[in-house]
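For reference, data.cif (mmCIF, N, CA and C atoms):
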```cif
data_target
#
loop_
_atom_site.label_atom_id
_atom_site.label_comp_id
_atom_site.auth_asym_id
_atom_site.auth_seq_id
_atom_site.Cartn_x
_atom_site.Cartn_y
_atom_site.Cartn_z
N MET A 88 -23.48 59.42 88.74
CA MET A 88 -24.19 59.33 87.47
C MET A 88 -23.69 60.47 86.56
N SER A 89 -23.44 60.17 85.30
CA SER A 89 -22.95 61.20 84.39
C SER A 89 -24.11 62.00 83.81
N LYS A 90 -23.77 63.12 83.27
CA LYS A 90 -24.76 64.01 82.69
C LYS A 90 -25.47 63.34 81.51
N ILE A 91 -26.68 63.83 81.24
CA ILE A 91 -27.43 63.35 80.07
C ILE A 91 -27.61 64.50 79.10
N GLU A 92 -27.81 64.15 77.86
CA GLU A 92 -28.16 65.12 76.83
C GLU A 92 -29.53 64.74 76.30
N VAL A 93 -30.28 65.75 75.93
CA VAL A 93 -31.65 65.55 75.47
C VAL A 93 -31.80 66.22 74.11
N VAL A 94 -32.42 65.50 73.20
CA VAL A 94 -32.81 66.06 71.91
C VAL A 94 -34.33 65.92 71.85
N ALA A 95 -35.00 67.07 71.85
CA ALA A 95 -36.47 67.08 71.80
C ALA A 95 -36.90 67.68 70.47
N ILE A 96 -37.61 66.90 69.69
CA ILE A 96 -38.03 67.32 68.34
C ILE A 96 -39.49 67.74 68.40
N VAL A 97 -39.72 68.99 67.99
CA VAL A 97 -41.04 69.60 68.04
C VAL A 97 -41.52 69.85 66.61
N LYS A 98 -42.51 69.09 66.16
CA LYS A 98 -43.09 69.27 64.82
C LYS A 98 -44.35 70.11 65.00
N VAL A 99 -44.39 71.28 64.35
CA VAL A 99 -45.53 72.17 64.51
C VAL A 99 -46.37 72.25 63.24
N LYS A 100 -47.60 72.67 63.42
CA LYS A 100 -48.51 72.83 62.29
C LYS A 100 -48.00 73.94 61.38
N PRO A 101 -48.26 73.84 60.08
CA PRO A 101 -47.84 74.89 59.15
C PRO A 101 -48.38 76.25 59.60
N GLY A 102 -47.53 77.24 59.52
CA GLY A 102 -47.91 78.59 59.90
C GLY A 102 -47.78 78.88 61.38
N LYS A 103 -47.42 77.89 62.18
CA LYS A 103 -47.31 78.06 63.64
C LYS A 103 -45.85 78.11 64.11
N GLU A 104 -44.92 78.13 63.17
CA GLU A 104 -43.50 78.08 63.51
C GLU A 104 -43.06 79.25 64.39
N ALA A 105 -43.45 80.47 64.04
CA ALA A 105 -43.02 81.65 64.80
C ALA A 105 -43.59 81.63 66.22
N GLU A 106 -44.83 81.24 66.36
CA GLU A 106 -45.46 81.18 67.68
C GLU A 106 -44.77 80.13 68.55
N ALA A 107 -44.47 78.98 67.98
CA ALA A 107 -43.79 77.93 68.73
C ALA A 107 -42.37 78.36 69.09
N ALA A 108 -41.67 78.98 68.15
CA ALA A 108 -40.31 79.43 68.41
C ALA A 108 -40.28 80.46 69.53
N ALA A 109 -41.24 81.35 69.56
CA ALA A 109 -41.30 82.37 70.62
C ALA A 109 -41.50 81.71 71.98
N ALA A 110 -42.38 80.72 72.06
CA ALA A 110 -42.61 80.01 73.33
C ALA A 110 -41.34 79.29 73.78
N MET A 111 -40.64 78.68 72.84
CA MET A 111 -39.41 77.96 73.18
C MET A 111 -38.33 78.93 73.65
N LYS A 112 -38.19 80.05 72.96
CA LYS A 112 -37.16 81.04 73.34
C LYS A 112 -37.44 81.61 74.73
N ALA A 113 -38.71 81.79 75.08
CA ALA A 113 -39.06 82.33 76.39
C ALA A 113 -38.66 81.39 77.53
N CYS A 114 -38.50 80.13 77.24
CA CYS A 114 -38.15 79.14 78.25
C CYS A 114 -36.64 79.01 78.45
N VAL A 115 -35.85 79.61 77.58
CA VAL A 115 -34.40 79.42 77.62
C VAL A 115 -33.77 80.01 78.88
N GLU A 116 -33.96 81.28 79.12
CA GLU A 116 -33.27 81.93 80.25
C GLU A 116 -33.59 81.28 81.59
N PRO A 117 -34.87 81.06 81.93
CA PRO A 117 -35.12 80.42 83.22
C PRO A 117 -34.62 78.98 83.29
N SER A 118 -34.59 78.28 82.18
CA SER A 118 -34.08 76.91 82.17
C SER A 118 -32.57 76.89 82.40
N ARG A 119 -31.87 77.81 81.75
CA ARG A 119 -30.42 77.89 81.94
C ARG A 119 -30.07 78.30 83.37
N ALA A 120 -30.98 78.96 84.06
CA ALA A 120 -30.74 79.38 85.44
C ALA A 120 -30.89 78.22 86.43
N GLU A 121 -31.48 77.12 85.99
CA GLU A 121 -31.61 75.95 86.86
C GLU A 121 -30.21 75.38 87.14
N SER A 122 -29.94 75.10 88.40
CA SER A 122 -28.58 74.68 88.79
C SER A 122 -28.15 73.37 88.15
N THR A 123 -29.10 72.54 87.73
CA THR A 123 -28.76 71.24 87.14
C THR A 123 -28.68 71.27 85.62
N ASN A 124 -28.84 72.46 85.04
CA ASN A 124 -28.79 72.61 83.58
C ASN A 124 -27.41 73.05 83.14
N HIS A 125 -26.94 72.45 82.03
CA HIS A 125 -25.62 72.79 81.49
C HIS A 125 -25.70 73.13 80.01
N GLY A 126 -26.90 73.33 79.50
CA GLY A 126 -27.09 73.72 78.12
C GLY A 126 -28.55 73.56 77.73
N TYR A 127 -29.08 74.58 77.07
CA TYR A 127 -30.50 74.55 76.71
C TYR A 127 -30.67 75.46 75.50
N THR A 128 -30.65 74.89 74.32
CA THR A 128 -30.65 75.69 73.10
C THR A 128 -31.70 75.21 72.12
N PRO A 129 -32.64 76.09 71.75
CA PRO A 129 -33.61 75.73 70.71
C PRO A 129 -32.99 75.97 69.32
N HIS A 130 -33.38 75.12 68.38
CA HIS A 130 -32.88 75.22 67.00
C HIS A 130 -34.05 75.11 66.03
N ARG A 131 -33.81 75.58 64.83
CA ARG A 131 -34.75 75.40 63.72
C ARG A 131 -34.07 74.51 62.69
N ASP A 132 -34.76 73.51 62.19
CA ASP A 132 -34.24 72.63 61.14
C ASP A 132 -34.31 73.41 59.83
N LEU A 133 -33.17 73.70 59.23
CA LEU A 133 -33.13 74.52 58.02
C LEU A 133 -33.80 73.85 56.82
N ASP A 134 -33.86 72.53 56.83
CA ASP A 134 -34.49 71.81 55.72
C ASP A 134 -35.97 71.53 55.95
N ASN A 135 -36.42 71.67 57.19
CA ASN A 135 -37.82 71.42 57.54
C ASN A 135 -38.27 72.53 58.51
N PRO A 136 -38.76 73.65 57.98
CA PRO A 136 -39.07 74.79 58.84
C PRO A 136 -40.15 74.53 59.89
N ASP A 137 -40.91 73.46 59.74
CA ASP A 137 -41.93 73.13 60.74
C ASP A 137 -41.35 72.27 61.87
N THR A 138 -40.04 72.05 61.83
CA THR A 138 -39.37 71.24 62.85
C THR A 138 -38.44 72.11 63.67
N LEU A 139 -38.72 72.16 64.96
CA LEU A 139 -37.89 72.89 65.92
C LEU A 139 -37.30 71.86 66.87
N ILE A 140 -36.07 72.08 67.30
CA ILE A 140 -35.37 71.07 68.09
C ILE A 140 -34.67 71.72 69.28
N PHE A 141 -34.90 71.16 70.46
CA PHE A 141 -34.15 71.55 71.65
C PHE A 141 -32.99 70.59 71.81
N ILE A 142 -31.82 71.13 72.10
CA ILE A 142 -30.69 70.32 72.52
C ILE A 142 -30.35 70.80 73.92
N GLU A 143 -30.39 69.87 74.87
CA GLU A 143 -30.27 70.21 76.28
C GLU A 143 -29.23 69.32 76.95
N ARG A 144 -28.72 69.81 78.08
CA ARG A 144 -27.79 69.00 78.88
C ARG A 144 -28.16 69.18 80.34
N TRP A 145 -28.35 68.05 81.02
CA TRP A 145 -28.79 68.03 82.41
C TRP A 145 -27.89 67.13 83.24
N ASP A 146 -27.92 67.34 84.57
CA ASP A 146 -27.14 66.49 85.47
C ASP A 146 -27.60 65.04 85.44
N SER A 147 -28.93 64.83 85.28
CA SER A 147 -29.47 63.47 85.37
C SER A 147 -30.90 63.44 84.85
N ARG A 148 -31.47 62.25 84.76
CA ARG A 148 -32.89 62.11 84.41
C ARG A 148 -33.76 62.80 85.45
N GLU A 149 -33.35 62.71 86.70
CA GLU A 149 -34.11 63.34 87.77
C GLU A 149 -34.12 64.86 87.60
N ALA A 150 -32.99 65.41 87.19
CA ALA A 150 -32.92 66.85 86.94
C ALA A 150 -33.84 67.24 85.78
N LEU A 151 -33.87 66.42 84.75
CA LEU A 151 -34.77 66.68 83.62
C LEU A 151 -36.22 66.63 84.07
N GLN A 152 -36.55 65.63 84.88
CA GLN A 152 -37.93 65.51 85.39
C GLN A 152 -38.30 66.74 86.23
N ALA A 153 -37.39 67.19 87.08
CA ALA A 153 -37.65 68.38 87.89
C ALA A 153 -37.86 69.61 87.00
N HIS A 154 -37.09 69.71 85.93
CA HIS A 154 -37.25 70.81 84.97
C HIS A 154 -38.66 70.80 84.37
N MET A 155 -39.14 69.62 84.07
CA MET A 155 -40.46 69.50 83.43
C MET A 155 -41.60 69.88 84.38
N GLU A 156 -41.30 70.04 85.64
CA GLU A 156 -42.30 70.45 86.63
C GLU A 156 -42.24 71.95 86.93
N THR A 157 -41.28 72.66 86.36
CA THR A 157 -41.14 74.09 86.65
C THR A 157 -42.24 74.90 85.96
N PRO A 158 -42.58 76.06 86.53
CA PRO A 158 -43.60 76.91 85.90
C PRO A 158 -43.25 77.34 84.48
N HIS A 159 -41.97 77.65 84.22
CA HIS A 159 -41.61 78.10 82.88
C HIS A 159 -41.74 76.98 81.85
N PHE A 160 -41.40 75.75 82.24
CA PHE A 160 -41.57 74.63 81.30
C PHE A 160 -43.05 74.36 81.07
N ARG A 161 -43.83 74.34 82.14
CA ARG A 161 -45.27 74.07 82.01
C ARG A 161 -45.96 75.12 81.14
N LYS A 162 -45.54 76.37 81.27
CA LYS A 162 -46.11 77.44 80.45
C LYS A 162 -45.80 77.19 78.97
N MET A 163 -44.53 76.87 78.69
CA MET A 163 -44.15 76.59 77.30
C MET A 163 -44.93 75.40 76.76
N ALA A 164 -45.03 74.33 77.54
CA ALA A 164 -45.74 73.13 77.09
C ALA A 164 -47.20 73.43 76.79
N ALA A 165 -47.82 74.27 77.61
CA ALA A 165 -49.23 74.63 77.39
C ALA A 165 -49.41 75.44 76.10
N ILE A 166 -48.45 76.29 75.80
CA ILE A 166 -48.51 77.07 74.56
C ILE A 166 -48.28 76.16 73.36
N LEU A 167 -47.32 75.24 73.46
CA LEU A 167 -46.97 74.37 72.34
C LEU A 167 -48.05 73.34 72.02
N GLU A 168 -48.74 72.86 73.03
CA GLU A 168 -49.71 71.76 72.86
C GLU A 168 -50.62 71.94 71.65
N PRO A 169 -51.34 73.07 71.51
CA PRO A 169 -52.24 73.20 70.37
C PRO A 169 -51.54 73.47 69.03
N LEU A 170 -50.24 73.74 69.08
CA LEU A 170 -49.48 74.05 67.87
C LEU A 170 -48.84 72.82 67.25
N LEU A 171 -48.84 71.70 67.97
CA LEU A 171 -48.13 70.50 67.52
C LEU A 171 -48.84 69.79 66.37
N ALA A 172 -48.05 69.38 65.39
CA ALA A 172 -48.55 68.58 64.28
C ALA A 172 -48.36 67.09 64.57
N ALA A 173 -47.49 66.79 65.54
CA ALA A 173 -47.20 65.40 65.92
C ALA A 173 -46.75 65.41 67.37
N PRO A 174 -46.83 64.27 68.05
CA PRO A 174 -46.34 64.22 69.43
C PRO A 174 -44.85 64.55 69.49
N LEU A 175 -44.43 65.12 70.60
CA LEU A 175 -43.00 65.40 70.79
C LEU A 175 -42.20 64.10 70.70
N SER A 176 -41.04 64.20 70.16
CA SER A 176 -40.11 63.08 70.11
C SER A 176 -38.93 63.47 70.98
N VAL A 177 -38.77 62.80 72.12
CA VAL A 177 -37.73 63.14 73.07
C VAL A 177 -36.75 61.99 73.16
N HIS A 178 -35.47 62.31 72.96
CA HIS A 178 -34.40 61.33 73.02
C HIS A 178 -33.49 61.72 74.17
N ILE A 179 -33.34 60.84 75.15
CA ILE A 179 -32.47 61.08 76.29
C ILE A 179 -31.20 60.27 76.05
N LEU A 180 -30.09 60.97 75.97
CA LEU A 180 -28.82 60.38 75.53
C LEU A 180 -27.76 60.45 76.63
N GLN A 181 -26.87 59.49 76.58
CA GLN A 181 -25.70 59.51 77.46
C GLN A 181 -24.49 59.17 76.60
N PRO A 182 -23.44 59.97 76.70
CA PRO A 182 -22.25 59.69 75.89
C PRO A 182 -21.71 58.29 76.15
N LEU A 183 -21.19 57.67 75.11
CA LEU A 183 -20.58 56.34 75.25
C LEU A 183 -19.21 56.45 75.88
#
```

How does the structure come out when it is put into structure tokens?
Amino acid sequence: MSKIEVVAIVKVKPGKEAEAAAAMKACVEPSRAESTNHGYTPHRDLDNPDTLIFIERWDSREALQAHMETPHFRKMAAILEPLLAAPLSVHILQPL
């Protein structure tokens, strides 16, 4: 199975951008340390400051699912939950 790429779009409530960004940044180092991870970078949409985006690369869907069960991911998700203005939009991609 080939690697997958993930684009996760996080829309936060006005004024909560810095708090959400801090939670996302705290998840980077432990996520990159996961053996099945090949890229994990949070971004800010320059045209929409309330939109933060993760671009990730994993070995497989199973690897992504395992990541979502880790303590560092669960901690970030718990912090982000009350900050969200809309449900997460997650796109799981595979190169053509």

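Within region 131-165 of chain A, residues classed as strand (DSSP E) by DSSP on backbone coordinates are A:Arg131, A:Thr138, A:Leu139, A:Ile140, A:Phe141, A:Ile142, A:Glu143, A:Arg144, A:Trp145.
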
Save out the residues we just selected, N, CA and C atoms, as a tab-separated table (two decimals), keeping the file's coordinate frame.
```
chain	number	residue	atom	x	y	z
A	131	ARG	N	-33.81	75.58	64.83
A	131	ARG	CA	-34.75	75.40	63.72
A	131	ARG	C	-34.07	74.51	62.69
A	138	THR	N	-40.04	72.05	61.83
A	138	THR	CA	-39.37	71.24	62.85
A	138	THR	C	-38.44	72.11	63.67
A	139	LEU	N	-38.72	72.16	64.96
A	139	LEU	CA	-37.89	72.89	65.92
A	139	LEU	C	-37.30	71.86	66.87
A	140	ILE	N	-36.07	72.08	67.30
A	140	ILE	CA	-35.37	71.07	68.09
A	140	ILE	C	-34.67	71.72	69.28
A	141	PHE	N	-34.90	71.16	70.46
A	141	PHE	CA	-34.15	71.55	71.65
A	141	PHE	C	-32.99	70.59	71.81
A	142	ILE	N	-31.82	71.13	72.10
A	142	ILE	CA	-30.69	70.32	72.52
A	142	ILE	C	-30.35	70.80	73.92
A	143	GLU	N	-30.39	69.87	74.87
A	143	GLU	CA	-30.27	70.21	76.28
A	143	GLU	C	-29.23	69.32	76.95
A	144	ARG	N	-28.72	69.81	78.08
A	144	ARG	CA	-27.79	69.00	78.88
A	144	ARG	C	-28.16	69.18	80.34
A	145	TRP	N	-28.35	68.05	81.02
A	145	TRP	CA	-28.79	68.03	82.41
A	145	TRP	C	-27.89	67.13	83.24
```

Next on the checklist: So that I can check the surroundings of region 102-111 of chain A, please list as a ChimeraX atom specification every protein, DNA and RNA residue that reaches within 7 Å of it, counting only N, CA and C atoms and ignoring chain neighbours fewer than 6 positions away.
Outcome noted: /A:129,136-137,163,166-167,170

Checklist entry - Where does the PyMOL selection byres ((chain A and resi 130) around 5) land in this file, that is, which residues does it pick, as a ChimeraX atom specification? => result /A:128-129,131-132,139-141

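For region 133-169 of chain A, the set of residues given helix (DSSP H, G or I) by DSSP on the backbone reads Arg148, Glu149, Ala150, Leu151, Gln152, Ala153, His154, Pro158, His159, Phe160, Arg161, Lys162, Met163, Ala164, Ala165, Ile166, Leu167, Glu168 and Pro169 of chain A.
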
Could the residues in this selection be saved with N, CA and C atoms as a PDB file, in the frame of the given file?
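Saved as part.pdb:
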```
ATOM      1  N   ARG A 148     -31.470  62.250  84.760  1.00  0.00           N
ATOM      2  CA  ARG A 148     -32.890  62.110  84.410  1.00  0.00           C
ATOM      3  C   ARG A 148     -33.760  62.800  85.450  1.00  0.00           C
ATOM      4  N   GLU A 149     -33.350  62.710  86.700  1.00  0.00           N
ATOM      5  CA  GLU A 149     -34.110  63.340  87.770  1.00  0.00           C
ATOM      6  C   GLU A 149     -34.120  64.860  87.600  1.00  0.00           C
ATOM      7  N   ALA A 150     -32.990  65.410  87.190  1.00  0.00           N
ATOM      8  CA  ALA A 150     -32.920  66.850  86.940  1.00  0.00           C
ATOM      9  C   ALA A 150     -33.840  67.240  85.780  1.00  0.00           C
ATOM     10  N   LEU A 151     -33.870  66.420  84.750  1.00  0.00           N
ATOM     11  CA  LEU A 151     -34.770  66.680  83.620  1.00  0.00           C
ATOM     12  C   LEU A 151     -36.220  66.630  84.070  1.00  0.00           C
ATOM     13  N   GLN A 152     -36.550  65.630  84.880  1.00  0.00           N
ATOM     14  CA  GLN A 152     -37.930  65.510  85.390  1.00  0.00           C
ATOM     15  C   GLN A 152     -38.300  66.740  86.230  1.00  0.00           C
ATOM     16  N   ALA A 153     -37.390  67.190  87.080  1.00  0.00           N
ATOM     17  CA  ALA A 153     -37.650  68.380  87.890  1.00  0.00           C
ATOM     18  C   ALA A 153     -37.860  69.610  87.000  1.00  0.00           C
ATOM     19  N   HIS A 154     -37.090  69.710  85.930  1.00  0.00           N
ATOM     20  CA  HIS A 154     -37.250  70.810  84.970  1.00  0.00           C
ATOM     21  C   HIS A 154     -38.660  70.800  84.370  1.00  0.00           C
ATOM     22  N   PRO A 158     -42.580  76.060  86.530  1.00  0.00           N
ATOM     23  CA  PRO A 158     -43.600  76.910  85.900  1.00  0.00           C
ATOM     24  C   PRO A 158     -43.250  77.340  84.480  1.00  0.00           C
ATOM     25  N   HIS A 159     -41.970  77.650  84.220  1.00  0.00           N
ATOM     26  CA  HIS A 159     -41.610  78.100  82.880  1.00  0.00           C
ATOM     27  C   HIS A 159     -41.740  76.980  81.850  1.00  0.00           C
ATOM     28  N   PHE A 160     -41.400  75.750  82.240  1.00  0.00           N
ATOM     29  CA  PHE A 160     -41.570  74.630  81.300  1.00  0.00           C
ATOM     30  C   PHE A 160     -43.050  74.360  81.070  1.00  0.00           C
ATOM     31  N   ARG A 161     -43.830  74.340  82.140  1.00  0.00           N
ATOM     32  CA  ARG A 161     -45.270  74.070  82.010  1.00  0.00           C
ATOM     33  C   ARG A 161     -45.960  75.120  81.140  1.00  0.00           C
ATOM     34  N   LYS A 162     -45.540  76.370  81.270  1.00  0.00           N
ATOM     35  CA  LYS A 162     -46.110  77.440  80.450  1.00  0.00           C
ATOM     36  C   LYS A 162     -45.800  77.190  78.970  1.00  0.00           C
ATOM     37  N   MET A 163     -44.530  76.870  78.690  1.00  0.00           N
ATOM     38  CA  MET A 163     -44.150  76.590  77.300  1.00  0.00           C
ATOM     39  C   MET A 163     -44.930  75.400  76.760  1.00  0.00           C
ATOM     40  N   ALA A 164     -45.030  74.330  77.540  1.00  0.00           N
ATOM     41  CA  ALA A 164     -45.740  73.130  77.090  1.00  0.00           C
ATOM     42  C   ALA A 164     -47.200  73.430  76.790  1.00  0.00           C
ATOM     43  N   ALA A 165     -47.820  74.270  77.610  1.00  0.00           N
ATOM     44  CA  ALA A 165     -49.230  74.630  77.390  1.00  0.00           C
ATOM     45  C   ALA A 165     -49.410  75.440  76.100  1.00  0.00           C
ATOM     46  N   ILE A 166     -48.450  76.290  75.800  1.00  0.00           N
ATOM     47  CA  ILE A 166     -48.510  77.070  74.560  1.00  0.00           C
ATOM     48  C   ILE A 166     -48.280  76.160  73.360  1.00  0.00           C
ATOM     49  N   LEU A 167     -47.320  75.240  73.460  1.00  0.00           N
ATOM     50  CA  LEU A 167     -46.970  74.370  72.340  1.00  0.00           C
ATOM     51  C   LEU A 167     -48.050  73.340  72.020  1.00  0.00           C
ATOM     52  N   GLU A 168     -48.740  72.860  73.030  1.00  0.00           N
ATOM     53  CA  GLU A 168     -49.710  71.760  72.860  1.00  0.00           C
ATOM     54  C   GLU A 168     -50.620  71.940  71.650  1.00  0.00           C
ATOM     55  N   PRO A 169     -51.340  73.070  71.510  1.00  0.00           N
ATOM     56  CA  PRO A 169     -52.240  73.200  70.370  1.00  0.00           C
ATOM     57  C   PRO A 169     -51.540  73.470  69.030  1.00  0.00           C
TER      58      PRO A 169
END
```

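The interatomic distance for the pair atom N of Gln152 (chain A) and atom N of Glu116 (chain A) works out to 16.9 Å.
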
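You can rank A:Lys162, A:Arg144, A:His125, A:Lys98 by their closest distance to Leu175 (chain A) using all atoms listed in the file, and at the top of that list sits A:Lys98.
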
Checklist outcome for this item: What separates CA of Ala120 (chain A) and CA of Thr157 (chain A) is a distance of 11.7 Å

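For the atom pair formed by CA of Val99 (chain A) and CA of Leu171 (chain A), the distance is 4.3 Å, given to one decimal.
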
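With distances restricted to only C-alpha atoms, A:His159 is the closest residue to Glu121 (chain A) from A:His159, A:Val94, A:Pro169, A:Ile142.
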
Test item: axis-aligned box, all listed atoms of region 124-136 of chain A, 4 Å on each side, centre and edges in Å rounded to one decimal, as JSON:
```
{"center_x": -32.9, "center_y": 73.8, "center_z": 70.4, "size_x": 22.5, "size_y": 12.7, "size_z": 37.3}
```

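The protein and nucleic acid residues lying at most 6.5 Å from Asp146 (chain A) are A:Met88, A:Ser89, A:Lys90, A:Ile91, A:Thr123, A:Asn124, A:His125, A:Glu149, A:Ala150, A:Leu151, with only N, CA and C atoms considered and sequence neighbours fewer than 3 positions away removed.
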
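Here the question is which of A:Pro101, A:Ala173, A:Ala113, A:Ser118 gets nearest to Glu156 (chain A) using only C-alpha atoms, and that residue is A:Ser118.
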
Next on the checklist: I need the residue nearest Arg119 (chain A) from this list: A:Asn135, A:Val177, A:Leu183, A:Glu143. Use only C-alpha atoms for the distance.
Outcome noted: A:Glu143

Checklist outcome for this item: Restricting to only N, CA and C atoms, whichever of A:Ala164, A:Cys114, A:Ala153, A:Glu92 is closest to Pro182 (chain A) is A:Glu92
